[in-house]
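J.: Quick one: structure below, then a few questions.
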Amino acid sequence: MELQVGMKALLKNREGKYLLLRRSPDKYPEAALRWDIPGGRINTGDLLMDNLKREIKEETNLDLKKEPKLVAAQDILRVQDRHVIRLTYAGEIDGNPVLDTEESVDFGWFTSKEIKNLEHLDIYVKELIEKGMLLNGE
């Protein structure tokens with residue numbers, strides 16, 4: 001069985017809003033335009049934080065302001081030959097993204113209330129919100 005690790009980050013700006021990306025239906029047909037947070041799979045041998053910074057840079061052309069906080073680890077896929085684990089972080093960011101259009105087709109800045117009521121939210125982000133691991137107390 002192959003183990004893969006993915007990393008994602010819920011990124012907050014100075015105005016207290018969070019960045020969500022709408023995934024490309026061409027690259028991610030299973031995600032079908034769902035709103036998600038930036039991130040992706042790690043490159044084996046690279047440090048975790050280097051992987052997260054790389055993924056955020058590739059998808060948004062933005063840089064993390066400081067070290068993000070690890071908030072959750074999830075099993076997101078277990079099939080016969082593959083097991084995927086996702087690590088989710090909370091961090092801060094400045095600026096507006098310039099999207100990699102192969103990855104995402106749109107972005108938005110949302111309040112925590114808007115995210116909690118958002119239709120078409122990534123199921124794993126939604127799970128963390130419902131468990132109180134993301135946007136807890138907001």
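Residues are referred to by chain and number: the chain letter is A, B, ... according to the order shown in the structure tokens, the number counts from 1 in that chain, and ligands are numbered separately from 1 in the order shown.
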With only C-alpha atoms as the counted atoms, please give the residues lying no more than 12 Å from Glu30 of chain A, apart from itself and same-chain residues fewer than 5 positions off, as a PyMOL selection string.
T.: chain A and resi 23-25+122-123
J.: Would you pick out the contacts of Leu48 of chain A at 12 Å or less, using only C-alpha atoms, so that residues sharing its chain but fewer than 2 positions from it are not included, and give the list as a compact mmCIF listing (two decimals) with N, CA and C atoms, in the first residue's frame?
T.:
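Contents of out10.txt, as written:
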# COMPACT_ATOMS: atom_id res chain seq x y z
N VAL A 5 0.92 11.85 1.65
CA VAL A 5 0.59 12.89 2.63
C VAL A 5 0.30 14.18 1.88
N GLY A 6 -0.83 14.78 2.22
CA GLY A 6 -1.20 16.08 1.68
C GLY A 6 -1.17 17.12 2.78
N MET A 7 -0.97 18.37 2.39
CA MET A 7 -0.94 19.47 3.36
C MET A 7 -1.83 20.58 2.84
N LYS A 8 -2.62 21.16 3.73
CA LYS A 8 -3.50 22.27 3.38
C LYS A 8 -3.37 23.34 4.44
N GLY A 39 -3.25 24.00 -0.93
CA GLY A 39 -2.36 22.94 -0.50
C GLY A 39 -2.27 21.83 -1.52
N GLY A 40 -1.57 20.77 -1.16
CA GLY A 40 -1.40 19.63 -2.06
C GLY A 40 -0.53 18.57 -1.42
N ARG A 41 -0.09 17.63 -2.23
CA ARG A 41 0.71 16.50 -1.75
C ARG A 41 2.16 16.93 -1.52
N ILE A 42 2.80 16.24 -0.57
CA ILE A 42 4.20 16.56 -0.28
C ILE A 42 5.12 15.88 -1.30
N ASN A 43 6.28 16.47 -1.46
CA ASN A 43 7.37 15.84 -2.20
C ASN A 43 8.22 15.10 -1.18
N THR A 44 8.34 13.80 -1.33
CA THR A 44 9.13 13.00 -0.41
C THR A 44 10.55 13.54 -0.31
N GLY A 45 11.05 13.63 0.91
CA GLY A 45 12.40 14.12 1.14
C GLY A 45 12.47 15.59 1.48
N ASP A 46 11.43 16.37 1.12
CA ASP A 46 11.40 17.79 1.47
C ASP A 46 10.78 17.96 2.85
N ASP A 50 8.48 23.28 4.08
CA ASP A 50 8.88 23.64 2.71
C ASP A 50 7.83 23.20 1.71
N ASN A 51 7.24 22.02 1.93
CA ASN A 51 6.19 21.54 1.06
C ASN A 51 4.96 22.44 1.11
N LEU A 52 4.56 22.82 2.32
CA LEU A 52 3.38 23.67 2.45
C LEU A 52 3.61 25.03 1.80
N LYS A 53 4.76 25.63 2.06
CA LYS A 53 5.07 26.92 1.45
C LYS A 53 5.09 26.82 -0.07
N ARG A 54 5.66 25.74 -0.59
CA ARG A 54 5.71 25.54 -2.04
C ARG A 54 4.30 25.43 -2.62
N GLU A 55 3.44 24.64 -1.99
CA GLU A 55 2.08 24.46 -2.49
C GLU A 55 1.30 25.78 -2.48
N GLU A 67 5.21 31.03 10.65
CA GLU A 67 4.97 29.60 10.78
C GLU A 67 3.50 29.33 11.13
N PRO A 68 2.81 28.52 10.33
CA PRO A 68 1.41 28.21 10.64
C PRO A 68 1.32 27.16 11.74
N LEU A 70 -0.32 23.66 13.15
CA LEU A 70 -0.97 22.41 12.77
C LEU A 70 -2.24 22.27 13.59
N ARG A 86 -4.11 13.81 5.32
CA ARG A 86 -4.05 15.25 5.09
C ARG A 86 -3.78 15.97 6.40
N LEU A 87 -2.75 16.80 6.40
CA LEU A 87 -2.43 17.66 7.53
C LEU A 87 -2.96 19.05 7.21
N THR A 88 -3.70 19.63 8.15
CA THR A 88 -4.28 20.95 7.93
C THR A 88 -3.70 21.93 8.94
N TYR A 89 -3.29 23.07 8.42
CA TYR A 89 -2.67 24.13 9.20
C TYR A 89 -3.55 25.38 9.16
J.: Find the spatial neighbours of Asn96 of chain A, counting only C-alpha atoms, within a cut-off of 9 Å - ignore same-chain residues fewer than 4 positions away - and output them as an MDAnalysis selection string.
T.: chainID A and resid 60:62
J.: To one decimal place, how far is atom CA of Leu135 of chain A from atom CA of Ile37 of chain A in Å?
T.: 13.1 Å
J.: List the spatial neighbours of segment 90-95 of chain A as a list of chain:residue names - criterion: any atom at most 9 Å away, only C-alpha atoms, same-chain residues fewer than 5 positions off excluded.
T.: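 Surrounding residues, per the criterion: A:Lys8, A:Ala9, A:Leu10, A:Leu11, A:Lys12, A:Asn13, A:Arg14, A:Tyr18, A:Leu19, A:Leu62, A:Asp63, A:Leu64, A:Lys65, A:Lys66, A:Glu67, A:Pro68, A:Lys69, A:Leu70, A:Val71, A:Leu134.
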J.: Generate the output file for the selected residues, N, CA and C atoms, as a JSON list (two decimals), in the first residue's frame.
T.:
[["chain", "number", "residue", "atom", "x", "y", "z"],
["A", 8, "LYS", "N", -2.62, 21.16, 3.73],
["A", 8, "LYS", "CA", -3.50, 22.27, 3.38],
["A", 8, "LYS", "C", -3.37, 23.34, 4.44],
["A", 9, "ALA", "N", -3.77, 24.56, 4.10],
["A", 9, "ALA", "CA", -3.71, 25.67, 5.06],
["A", 9, "ALA", "C", -4.92, 26.57, 4.92],
["A", 10, "LEU", "N", -5.57, 26.82, 6.04],
["A", 10, "LEU", "CA", -6.61, 27.84, 6.12],
["A", 10, "LEU", "C", -5.88, 29.14, 6.41],
["A", 11, "LEU", "N", -5.93, 30.07, 5.46],
["A", 11, "LEU", "CA", -5.13, 31.29, 5.53],
["A", 11, "LEU", "C", -6.02, 32.50, 5.79],
["A", 12, "LYS", "N", -5.62, 33.28, 6.79],
["A", 12, "LYS", "CA", -6.39, 34.46, 7.22],
["A", 12, "LYS", "C", -5.62, 35.72, 6.85],
["A", 13, "ASN", "N", -6.35, 36.73, 6.35],
["A", 13, "ASN", "CA", -5.71, 38.00, 6.02],
["A", 13, "ASN", "C", -5.86, 39.01, 7.16],
["A", 14, "ARG", "N", -5.33, 40.20, 6.98],
["A", 14, "ARG", "CA", -5.37, 41.24, 8.02],
["A", 14, "ARG", "C", -6.78, 41.68, 8.38],
["A", 18, "TYR", "N", -10.86, 34.68, 5.39],
["A", 18, "TYR", "CA", -10.13, 33.47, 5.02],
["A", 18, "TYR", "C", -10.18, 33.24, 3.51],
["A", 19, "LEU", "N", -9.07, 32.75, 2.98],
["A", 19, "LEU", "CA", -8.94, 32.49, 1.56],
["A", 19, "LEU", "C", -9.44, 31.10, 1.21],
["A", 62, "LEU", "N", 1.41, 33.55, -3.29],
["A", 62, "LEU", "CA", 1.55, 34.28, -2.03],
["A", 62, "LEU", "C", 2.50, 33.52, -1.11],
["A", 63, "ASP", "N", 3.07, 34.25, -0.14],
["A", 63, "ASP", "CA", 3.98, 33.66, 0.83],
["A", 63, "ASP", "C", 3.37, 33.72, 2.23],
["A", 64, "LEU", "N", 3.59, 32.68, 3.01],
["A", 64, "LEU", "CA", 3.16, 32.68, 4.41],
["A", 64, "LEU", "C", 3.88, 33.79, 5.16],
["A", 65, "LYS", "N", 3.17, 34.44, 6.11],
["A", 65, "LYS", "CA", 3.78, 35.50, 6.91],
["A", 65, "LYS", "C", 4.65, 34.93, 8.02],
["A", 66, "LYS", "N", 4.19, 33.87, 8.64],
["A", 66, "LYS", "CA", 4.94, 33.24, 9.73],
["A", 66, "LYS", "C", 4.55, 31.77, 9.78],
["A", 67, "GLU", "N", 5.21, 31.03, 10.65],
["A", 67, "GLU", "CA", 4.97, 29.60, 10.78],
["A", 67, "GLU", "C", 3.50, 29.33, 11.13],
["A", 68, "PRO", "N", 2.81, 28.52, 10.33],
["A", 68, "PRO", "CA", 1.41, 28.21, 10.64],
["A", 68, "PRO", "C", 1.32, 27.16, 11.74],
["A", 69, "LYS", "N", 0.11, 27.02, 12.28],
["A", 69, "LYS", "CA", -0.14, 26.07, 13.36],
["A", 69, "LYS", "C", -0.84, 24.83, 12.80],
["A", 70, "LEU", "N", -0.32, 23.66, 13.15],
["A", 70, "LEU", "CA", -0.97, 22.41, 12.77],
["A", 70, "LEU", "C", -2.24, 22.27, 13.59],
["A", 71, "VAL", "N", -3.39, 22.08, 12.91],
["A", 71, "VAL", "CA", -4.66, 21.96, 13.63],
["A", 71, "VAL", "C", -5.31, 20.59, 13.50],
["A", 134, "LEU", "N", -11.41, 23.84, 13.16],
["A", 134, "LEU", "CA", -11.18, 25.05, 12.36],
["A", 134, "LEU", "C", -12.29, 26.03, 12.67]]
J.: Just the helix (DSSP H, G or I) stuff from chain A, please, per backbone DSSP, written as an MDAnalysis selection string.
T.: chainID A and resid 48:60 112:116 123:130
J.: Using only C-alpha atoms, which residues sit within 9 Å of Leu3 of chain A once same-chain residues fewer than 2 positions away are excluded, as a list in words?
T.: Met1, Val5, Asp81, Arg82, His83, Val84 and Ile85 of chain A
J.: Output C-alpha atoms of each residue in that selection to a file, as a PDB file, in the first residue's frame.
T.:
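Saved file selection28.pdb follows:
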ATOM      1  CA  MET A   1       0.000   0.000   0.000  1.00  0.00           C
ATOM      2  CA  VAL A   5       0.585  12.885   2.631  1.00  0.00           C
ATOM      3  CA  ASP A  81      -3.472   0.327  -2.922  1.00  0.00           C
ATOM      4  CA  ARG A  82      -3.388   3.835  -1.449  1.00  0.00           C
ATOM      5  CA  HIS A  83      -3.776   5.610   1.885  1.00  0.00           C
ATOM      6  CA  VAL A  84      -3.832   9.431   1.868  1.00  0.00           C
ATOM      7  CA  ILE A  85      -3.412  11.515   5.020  1.00  0.00           C
TER       8      ILE A  85
END
J.: What is the distance, in Å and to one decimal place, between atom CA of Glu119 of chain A and atom CA of Ala32 of chain A?
T.: 12.2 Å
J.: Take atom CA of Thr111 of chain A and atom CA of Glu59 of chain A and report the distance between them in Å, one decimal.
T.: 20.8 Å
J.: For a quick check of understanding, using only C-alpha atoms, which of A:Lys131, A:Gln80, A:Glu2, A:Lys17 has the smallest distance to Lys113 of chain A?
T.: A:Lys17
J.: List every residue of chain A that DSSP, applied to the backbone of this structure, places in strand (DSSP E), and write the result as an MDAnalysis selection string.
T.: chainID A and resid 2:12 18:23 35:36 39:41 69:79 82:92 104:110
J.: Limited to N, CA and C atoms, could you put the picked residues into a file as a short mmCIF file (atom, residue, chain, number, x, y, z; two decimals), in the first residue's frame?
T.:
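Saved the output as selection_16.cif:
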data_model
loop_
_atom_site.label_atom_id
_atom_site.label_comp_id
_atom_site.auth_asym_id
_atom_site.auth_seq_id
_atom_site.Cartn_x
_atom_site.Cartn_y
_atom_site.Cartn_z
N GLU A 2 0.56 2.20 -0.83
CA GLU A 2 1.30 3.45 -0.91
C GLU A 2 0.69 4.47 0.04
N LEU A 3 1.54 5.11 0.83
CA LEU A 3 1.11 6.18 1.73
C LEU A 3 1.44 7.52 1.08
N GLN A 4 0.46 8.40 1.00
CA GLN A 4 0.66 9.75 0.50
C GLN A 4 0.22 10.73 1.58
N VAL A 5 0.92 11.85 1.65
CA VAL A 5 0.59 12.89 2.63
C VAL A 5 0.30 14.18 1.88
N GLY A 6 -0.83 14.78 2.22
CA GLY A 6 -1.20 16.08 1.68
C GLY A 6 -1.17 17.12 2.78
N MET A 7 -0.97 18.37 2.39
CA MET A 7 -0.94 19.47 3.36
C MET A 7 -1.83 20.58 2.84
N LYS A 8 -2.62 21.16 3.73
CA LYS A 8 -3.50 22.27 3.38
C LYS A 8 -3.37 23.34 4.44
N ALA A 9 -3.77 24.56 4.10
CA ALA A 9 -3.71 25.67 5.06
C ALA A 9 -4.92 26.57 4.92
N LEU A 10 -5.57 26.82 6.04
CA LEU A 10 -6.61 27.84 6.12
C LEU A 10 -5.88 29.14 6.41
N LEU A 11 -5.93 30.07 5.46
CA LEU A 11 -5.13 31.29 5.53
C LEU A 11 -6.02 32.50 5.79
N LYS A 12 -5.62 33.28 6.79
CA LYS A 12 -6.39 34.46 7.22
C LYS A 12 -5.62 35.72 6.85
N TYR A 18 -10.86 34.68 5.39
CA TYR A 18 -10.13 33.47 5.02
C TYR A 18 -10.18 33.24 3.51
N LEU A 19 -9.07 32.75 2.98
CA LEU A 19 -8.94 32.49 1.56
C LEU A 19 -9.44 31.10 1.21
N LEU A 20 -10.36 31.03 0.27
CA LEU A 20 -10.82 29.76 -0.28
C LEU A 20 -10.63 29.80 -1.79
N LEU A 21 -10.30 28.64 -2.34
CA LEU A 21 -10.12 28.49 -3.78
C LEU A 21 -11.19 27.56 -4.32
N ARG A 22 -11.68 27.87 -5.50
CA ARG A 22 -12.63 26.97 -6.16
C ARG A 22 -11.83 26.11 -7.13
N ARG A 23 -11.83 24.81 -6.87
CA ARG A 23 -11.01 23.86 -7.63
C ARG A 23 -11.47 23.71 -9.07
N TRP A 35 -15.33 24.68 -2.97
CA TRP A 35 -14.42 25.62 -2.33
C TRP A 35 -13.49 24.83 -1.41
N ASP A 36 -12.21 25.13 -1.47
CA ASP A 36 -11.22 24.40 -0.69
C ASP A 36 -10.15 25.39 -0.22
N GLY A 39 -3.25 24.00 -0.93
CA GLY A 39 -2.36 22.94 -0.50
C GLY A 39 -2.27 21.83 -1.52
N GLY A 40 -1.57 20.77 -1.16
CA GLY A 40 -1.40 19.63 -2.06
C GLY A 40 -0.53 18.57 -1.42
N ARG A 41 -0.09 17.63 -2.23
CA ARG A 41 0.71 16.50 -1.75
C ARG A 41 2.16 16.93 -1.52
N LYS A 69 0.11 27.02 12.28
CA LYS A 69 -0.14 26.07 13.36
C LYS A 69 -0.84 24.83 12.80
N LEU A 70 -0.32 23.66 13.15
CA LEU A 70 -0.97 22.41 12.77
C LEU A 70 -2.24 22.27 13.59
N VAL A 71 -3.39 22.08 12.91
CA VAL A 71 -4.66 21.96 13.63
C VAL A 71 -5.31 20.59 13.50
N ALA A 72 -4.94 19.81 12.48
CA ALA A 72 -5.61 18.52 12.31
C ALA A 72 -4.84 17.60 11.38
N ALA A 73 -5.07 16.31 11.59
CA ALA A 73 -4.62 15.26 10.68
C ALA A 73 -5.84 14.39 10.39
N GLN A 74 -6.07 14.10 9.11
CA GLN A 74 -7.23 13.32 8.71
C GLN A 74 -6.83 12.21 7.75
N ASP A 75 -7.53 11.09 7.86
CA ASP A 75 -7.47 10.07 6.82
C ASP A 75 -8.49 10.50 5.78
N ILE A 76 -8.04 10.82 4.57
CA ILE A 76 -9.01 11.28 3.58
C ILE A 76 -9.27 10.26 2.48
N LEU A 77 -8.43 9.25 2.37
CA LEU A 77 -8.67 8.23 1.35
C LEU A 77 -7.98 6.94 1.77
N ARG A 78 -8.74 5.87 1.78
CA ARG A 78 -8.18 4.55 2.02
C ARG A 78 -8.82 3.62 1.01
N VAL A 79 -8.03 3.24 0.04
CA VAL A 79 -8.47 2.29 -0.97
C VAL A 79 -7.45 1.16 -1.00
N ARG A 82 -3.83 2.49 -1.81
CA ARG A 82 -3.39 3.83 -1.45
C ARG A 82 -4.07 4.32 -0.17
N HIS A 83 -3.29 4.98 0.66
CA HIS A 83 -3.78 5.61 1.88
C HIS A 83 -3.27 7.05 1.86
N VAL A 84 -4.20 8.02 1.91
CA VAL A 84 -3.83 9.43 1.87
C VAL A 84 -4.20 10.08 3.20
N ILE A 85 -3.23 10.77 3.78
CA ILE A 85 -3.41 11.52 5.02
C ILE A 85 -3.27 12.99 4.69
N ARG A 86 -4.11 13.81 5.32
CA ARG A 86 -4.05 15.25 5.09
C ARG A 86 -3.78 15.97 6.40
N LEU A 87 -2.75 16.80 6.40
CA LEU A 87 -2.43 17.66 7.53
C LEU A 87 -2.96 19.05 7.21
N THR A 88 -3.70 19.63 8.15
CA THR A 88 -4.28 20.95 7.93
C THR A 88 -3.70 21.93 8.94
N TYR A 89 -3.29 23.07 8.42
CA TYR A 89 -2.67 24.13 9.20
C TYR A 89 -3.55 25.38 9.16
N ALA A 90 -3.34 26.28 10.13
CA ALA A 90 -3.96 27.61 10.13
C ALA A 90 -2.82 28.62 10.12
N GLY A 91 -2.91 29.59 9.20
CA GLY A 91 -1.83 30.55 9.08
C GLY A 91 -2.34 31.91 8.63
N GLU A 92 -1.39 32.81 8.42
CA GLU A 92 -1.70 34.18 8.01
C GLU A 92 -1.02 34.49 6.68
N SER A 104 -7.08 25.96 -9.87
CA SER A 104 -8.26 26.65 -9.35
C SER A 104 -8.80 27.63 -10.38
N VAL A 105 -10.12 27.82 -10.33
CA VAL A 105 -10.76 28.72 -11.29
C VAL A 105 -11.25 30.01 -10.66
N ASP A 106 -11.24 30.09 -9.32
CA ASP A 106 -11.73 31.29 -8.66
C ASP A 106 -11.20 31.29 -7.22
N PHE A 107 -11.23 32.46 -6.60
CA PHE A 107 -10.90 32.56 -5.18
C PHE A 107 -11.85 33.54 -4.53
N GLY A 108 -11.92 33.48 -3.23
CA GLY A 108 -12.73 34.43 -2.47
C GLY A 108 -12.21 34.55 -1.07
N TRP A 109 -12.49 35.70 -0.46
CA TRP A 109 -12.18 35.95 0.95
C TRP A 109 -13.50 35.88 1.70
N PHE A 110 -13.56 35.04 2.73
CA PHE A 110 -14.80 34.78 3.44
C PHE A 110 -14.62 34.96 4.94
#
